[in-house]
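Participant: This is the structure, below, for whatever I ask next.
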Amino acid sequence: MVKEIQRDILANNQQYNNRFNYANNYIKTSKYSVFTFLPFNLFEQFQRAANFYFLCLFILQLIPPISSLTPVTTAVPLLLVLSLTALKDFYDDMQRHKTDRQVNNRKSQVLRRGYLVEEKWHRVQVGDVIRMENNSFIAADILLLSSYNPNGLCYIETAELDGETNLKVKQCLDVTNALGEDEKLLSQFKGHILCEPPNNNLAKFDGTLTWNQTKYPIDNEKILLRGAVLRNTPWCYGVVLFAGKDTKLMQNSGRTKFKRTSIDRLLNFIILGIVIFLLCMCFFCTVSCGVWESLVGIHYQIYLPWDNLIPKDPSLGAAVIALLVFFSYAIVLNTVVPISLYVSVEVIRLFLSKLIDWDVEMYHKKSDTYAKARTTTLNEELGQIQYIFSDKTGTLTQNIMTFNKCSINGKIYGDILDEKTGEPVDVDEHSRKVDFSENKFYEPSFHFYDNSLLNEIKRGNQNTHLFFRVLALCHTVMPDHSKDGILEYQAQSPDENALVSAARNFGFVFTERTSSTITIQAVGKVEVHELLCILDFNNVRKRMSVIARHQGKIRLYCKGADNVIFERMCPGQNDLKQETQEHLHKFASEGLRTLVVGIRDLTKEEFQDWKIQHHKAAVALENRDEKLDQVYDMIEKDLVLIGATAIEDKLQDGVSQTIANLELAGIKIWVLTGDKQETAINIGYSCNLLTSDMADEPFIVDGHSNQEVESQLLNHRRSIEHHLSSFKSYNKHKDDISLRTFSECSLSHSATDDENGFALVINGHSLVYALQPDLELLFLGVAEHCSAVICCRVTPLQKALVVELVKKHKEAVTLAIGDGANDVSMIKAADIGVGISGQEGMQAVLASDYSIAQFRYLERLLLVHGRWSYYRMCKFLRYFFYKNFAFTLCHFWYAFFCGFSAQTVLDPAFIAVYNLFYTSQPVLALAYFDQDVKPDLAVKHSRLYYPGMVSLSFNLKLFAVSALHGCVTSFVLFAMPLGAYHNKTDEFGKVLSDHYLFGSVVATILVIVVTAQVALDTQYWTIWNHATIWGSLLLYFGLTLGYNWLIGGQYIGSLTTAMNDQTFWFVVLLTTVILILPVVAWRFFKVDVNPTLTDKARLVQRYNRTRQKGESGLPRPFSGRRSRRSVRSGYAFSHSEGFGRLITSGRIINQGPITQSSMESQHRNVKNGVPGKPTKQFYLSGQLSGVPSSSRSHKDVLGFPMVD
């Protein structure tokens, strides 16, 4: 297929467009159809080595000369595995089909032969002209032609695309806007469009429209993307440019990858090893059979004649028999690789997934959303996460800005002071809010706690009046009135909305805007300001200004980043500047986003002279933006400082505590965001990802070339090495729980091993070079030794590349969490993808493996469900391999006594149902319900998560121990009955030691011993554990006796005869004690001499059964000390270019209206510690009430940190 290099479209001409075979608007995420499901699914399943192995075994069992077992023993379990997996795949694909149908069958209005007709989305084609209405989804990527607004404007919400809920403005060409909603004119529109091919760049679009022999440029401001929602616009029309899989939304979705857990990969390796072990046993038995037939068997042909197909020649006959025995033993010993293992694993994963779905602790009442496991194959991987990659906006934050504090004329407002001490105190449920009810425009949702600011306004303080007048005038916010007459604001950024809202509540209400005026109500009085010019914001200027005239006075109102405003101040304000800087430091240390405001009075002559220069720059055809910036600099000087604002980007509930606890668990957290650098840093401080107590200021990488980025990374690497060398002596004596990182590179210990640490902040343009092959290891070498990494201004693709980099070189288990379509690639790239289901759209959820309503639920998802799933699965696997080795190797030991003839020691019926009935239910109950510690303790002591991160609960060593345990068990339970029943007679002299009786005794002891072992392994007893464990024993005796007596099996009467003799009961008791007692003794010895973290946690649990976990609020983010980092305006970096040009052109004006309170800080009195993030000294000195004094010599009993 030829790669598309340019898209060529003729509007309303399908015959022309069909020549290029452009994709239609049909979306397909499903894998199968009705006809392809069965063959494709079976093909996929038999690609699994285990399934193919059992298929080969089944075929071998169909050959009578080599099979001593019925094919049913393999056919039934294999069919069950294939059926269950097929049903699960069928269900999953049906859900995908359902989602596809919902999207593809959405309705859209399309122009057909001059008339609007209702079409389903999947029938929309490239070149179609479609009509969109208010609050509807955009069906495809569309060039905007016309809009309800005479100026061709429309508003869209792009939550599905980038997670941002603030509105964005789009504007069509004037020439196409003249088409209006005239269906006849629109159907006759024959514009010829040449544009870029399909790509995933959301921020850029290049193309041209040729119409009526005139060529017009097309940029991103004229494009509506699929997934966006039309807002505050009754209708608009557009022509489809990209449809279906070619849309930017789908281009950013990334390729769906088949995800497998690390335990799955380890199991495949183990199964391969077991198969090799099986072949070795078969080869040994083959050689031994050949030797036995040559030396012994040849003399007993009268009693044991050879089959007719065996050559009569002794040597050749023995060789043929030995060869056939190889396959026979492959069948007899195949249960060492039990197919029931895969059935059990799938069933366990399904049940554990449902536990996540049913967990009311992860239910978000406000949105009525439960946690959802969207896959059933990755549960235990949740217990092994080493890296978390998180989006910021909408994931860590609510994307809701609130006016928190301000500084006016050198005085801070917003702090709550203690009446006795005069010191600032935290806001809690008892804090008294300022009463704004006298203001009819006040918003009930606006909260402020410092009455002094409102009192100053009421007293007529001119400084406060001027401050809020700047906020009410200097912006590009659009007012809107709802159907109920309520005043609402539409802003390009939530920051601007917060500032205008604050001015509104304090009595300076922005009410109306035209192209030439701004109307406000200042303390009840209407003021109409003539709008002369808007000097809009951009990333280079980092400020915006408005020039307005009121009562004959011309004044410039300016707001922006602190460093930008300070360097443009008029002389003589040094004292005020110093005081304001002190306040900015304080605001920044609290994680607030700051900006500075100022004014300048202009004479009429100054403004007129400047306006001439401004006009020349505005109409320039070349370098227009650069010339405008130069003109803006001419007038934005000699500013009078008024004050500074501090805005809080509200975190979601519990974010700080969740991050602190996950970091204590040893998980590294990286934030990947599209926000500006300073905005991301501010949020990092707010959520305790960054702290003022770090070993150094955050390392910044912002180079614009390969050499700059390499130089910065090398410098940061040297700083880390220097710091670590100074702490070398400390690291030698750290205690056993200071295991925070697992780096294998030259730096022997990570900086996070001490109480401080490093942080790395890298910009998107620098990340382009850092991810290149020559620098990626250097970048990763620095990043892996930082306790926090923030990547800002990154694209969706870069997010995925960062995740892939860590997976590739660290071989770590990664989790990505996000809420918008811009996070989909990252979610798909990570080992585990978690989607936040909320107001920011569902694209991330649809691509995720798990969905939760709030970031704080990630703590329980990992530390409780993830840890339990890993713990239970590992316990299940260890026991399963143990019981199957104990079961299967009995045949191997018996081979020495049956001439290596592949004779089974156990009843074939017993072999068929051993894993299905006799031993499956107890271990399933163990895997469903067992828990070593209660969930609240697992969260409180997050270091309990550590074993999963380094695979301490199941690995090759533990598998070998389980297999060896099974081998020893099989030998003992074979040898003990053999010794007891060899040549044994009853009291009447009758021989008891026949093959059937011996096999029944061995089988009975086997079931009793492995059941006793699972009872010993069970730490959390429920009614289901009792029912399955004791019920399995009863089921064994019931089925064995019933099957043989009712159906007349070969072993009829054998078990009954054995049970009537005292020897049987003695052998059963003795064998069970011999096999179980050493296990009990060893476990007691380990707990007493070398207890694990879990053992210590169980000690705490034992002594504190009545202790309830107290309510834990959000840790206070900052210590209140001055941050050592430089303070910059988070607002200025987060803002985007507003509606300035559109406002002054008159185009943006609507023609009419369109129909946990804060908790106490944690460990506030910890010396030199950051509240909410206690220091190591605190952890190691803690005491637990209720624990005997002899136990208190342990470091907090557990010897590891706690988060209350």
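Here, A, B, ... name the chains of the structure tokens in the order displayed, residue numbers run from 1 inside each chain, and ligands are numbered from 1 in the same displayed order.
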Just asking: which residues within region 444-661 of chain A are helix (DSSP H, G or I) according to DSSP, as a PyMOL selection string?

Facilitator: chain A and resi 451-458+462-473+494-505+562-566+574-589+604-618+624-635+655-661

Participant: Write out as a PyMOL selection string all residues of region 430-637 of chain A that DSSP puts in strand (DSSP E) for this structure's backbone.

Facilitator: chain A and resi 478-481+487-490+508-513+517-522+525-535+543-550+553-560+593-602

Participant: Please report the interatomic distance between CA of Val347 (chain A) and CA of Asp849 (chain A) in Å with one decimal.

Facilitator: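 For CA of Val347 (chain A) relative to CA of Asp849 (chain A), the distance reads 17.7 Å.
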
Participant: Give me the residues near Gln45 (chain A) as a PyMOL selection string, where near means some atom within 9 Å (using only C-alpha atoms) and where sequence neighbours in that chain fewer than 4 positions away do not count.

Facilitator: chain A and resi 40-41+49+51-52+82+85-86

Participant: For a test of reading the model, state the distance in Å between CA of Met544 (chain A) and CA of Val500 (chain A), rounded to one decimal.

Facilitator: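 Going from CA of Met544 (chain A) over to CA of Val500 (chain A) covers 14.4 Å.
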
Participant: I need the residue nearest Leu863 (chain A) from this list: A:Ala503, A:Leu662, A:Met826, A:Val671. Use only C-alpha atoms for the distance.

Facilitator: A:Leu662

Participant: With only C-alpha atoms as the counted atoms, please give the residues lying no more than 10 Å from region 997-999 of chain A, apart from itself and same-chain residues fewer than 4 positions off, as a PyMOL selection string.

Facilitator: chain A and resi 890+904-907+910+974+977-978+980-982+992-993+1003-1004+1051-1058

Participant: Quick one: residues within 7 Å of Ala800 (chain A), only C-alpha atoms, excluding same-chain residues fewer than 3 positions away - as a VMD selection string?

Facilitator: chain A and resid 796 to 797 803 to 804 825 to 826 829

Participant: Just to confirm, what's the straight-line distance from CA of Gln551 (chain A) to CA of His529 (chain A) in Å (one decimal)?

Facilitator: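 CA of His529 (chain A) lies at a distance of 8.3 Å from CA of Gln551 (chain A).
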
Participant: Let me make sure I understand: among A:Leu471, A:Ile762, A:Val1079, A:Val546, which one has the smallest atom-to-atom distance to Phe510 (chain A) if we use only C-alpha atoms?

Facilitator: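 Among the listed residues, the smallest separation from Phe510 (chain A) belongs to A:Leu471.
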
Participant: Within 6 Å of region 329-341 of chain A, counting only C-alpha atoms, which residues show up once you throw out same-chain ones fewer than 2 positions away? Write them as a PDB file with C-alpha atoms, in the first residue's frame, please.

Facilitator:
ATOM      1  CA  CYS A 282      11.300 -40.660  30.334  1.00  0.00           C
ATOM      2  CA  VAL A 325       7.985 -47.022  26.909  1.00  0.00           C
ATOM      3  CA  PHE A 326       9.425 -43.551  26.365  1.00  0.00           C
ATOM      4  CA  PHE A 327       6.092 -42.371  25.009  1.00  0.00           C
ATOM      5  CA  VAL A 343      -7.760 -23.657  34.211  1.00  0.00           C
ATOM      6  CA  SER A 344      -7.240 -22.810  37.881  1.00  0.00           C
ATOM      7  CA  ASN A 884       1.605 -32.371  41.552  1.00  0.00           C
ATOM      8  CA  PHE A 885       5.215 -33.393  41.998  1.00  0.00           C
ATOM      9  CA  THR A 888       3.268 -37.682  39.703  1.00  0.00           C
ATOM     10  CA  ALA A 902       4.889 -47.711  32.499  1.00  0.00           C
TER      11      ALA A 902
END

Participant: Return as a tab-separated table the residues of region 134-232 of chain A lying at most 10 Å from region 111-121 of chain A, together with the closest atom-to-atom pair for each and the distance in Å to one decimal, counting only C-alpha atoms, with rows in chain order and ascending residue number.

Facilitator:
residue	atom	partner	partner_atom	distance
A:Ile138	CA	A:Trp121	CA	9.8
A:Ala139	CA	A:Trp121	CA	6.4
A:Ala140	CA	A:Trp121	CA	8.6
A:Asp182	CA	A:Gly114	CA	9.7
A:Glu183	CA	A:Gly114	CA	6.1
A:Lys184	CA	A:Gly114	CA	5.5
A:Leu185	CA	A:Gly114	CA	8.4
A:Leu186	CA	A:Gly114	CA	7.9
A:Ser187	CA	A:Gly114	CA	5.1
A:Gln188	CA	A:Gly114	CA	7.8

Participant: Output N, CA and C atoms for every residue in the selection just made, as a short mmCIF file (atom, residue, chain, number, x, y, z; two decimals), in the first residue's frame.

Facilitator:
data_model
loop_
_atom_site.label_atom_id
_atom_site.label_comp_id
_atom_site.auth_asym_id
_atom_site.auth_seq_id
_atom_site.Cartn_x
_atom_site.Cartn_y
_atom_site.Cartn_z
N ILE A 138 -18.20 15.66 17.93
CA ILE A 138 -17.74 15.84 16.56
C ILE A 138 -17.48 14.45 15.97
N ALA A 139 -18.07 14.16 14.81
CA ALA A 139 -18.03 12.80 14.26
C ALA A 139 -16.70 12.46 13.61
N ALA A 140 -15.98 13.44 13.09
CA ALA A 140 -14.72 13.19 12.39
C ALA A 140 -13.87 14.45 12.49
N ASP A 182 -27.46 27.82 4.96
CA ASP A 182 -28.21 27.63 3.73
C ASP A 182 -27.81 26.30 3.10
N GLU A 183 -28.71 25.34 3.16
CA GLU A 183 -28.38 23.99 2.71
C GLU A 183 -28.06 23.95 1.22
N LYS A 184 -28.72 24.80 0.45
CA LYS A 184 -28.48 24.82 -1.00
C LYS A 184 -27.07 25.32 -1.30
N LEU A 185 -26.68 26.43 -0.64
CA LEU A 185 -25.33 26.95 -0.86
C LEU A 185 -24.27 25.98 -0.37
N LEU A 186 -24.51 25.37 0.79
CA LEU A 186 -23.53 24.44 1.36
C LEU A 186 -23.38 23.20 0.47
N SER A 187 -24.48 22.73 -0.12
CA SER A 187 -24.39 21.55 -0.98
C SER A 187 -23.71 21.87 -2.30
N GLN A 188 -23.69 23.16 -2.67
CA GLN A 188 -23.00 23.56 -3.89
C GLN A 188 -21.55 23.96 -3.65
#
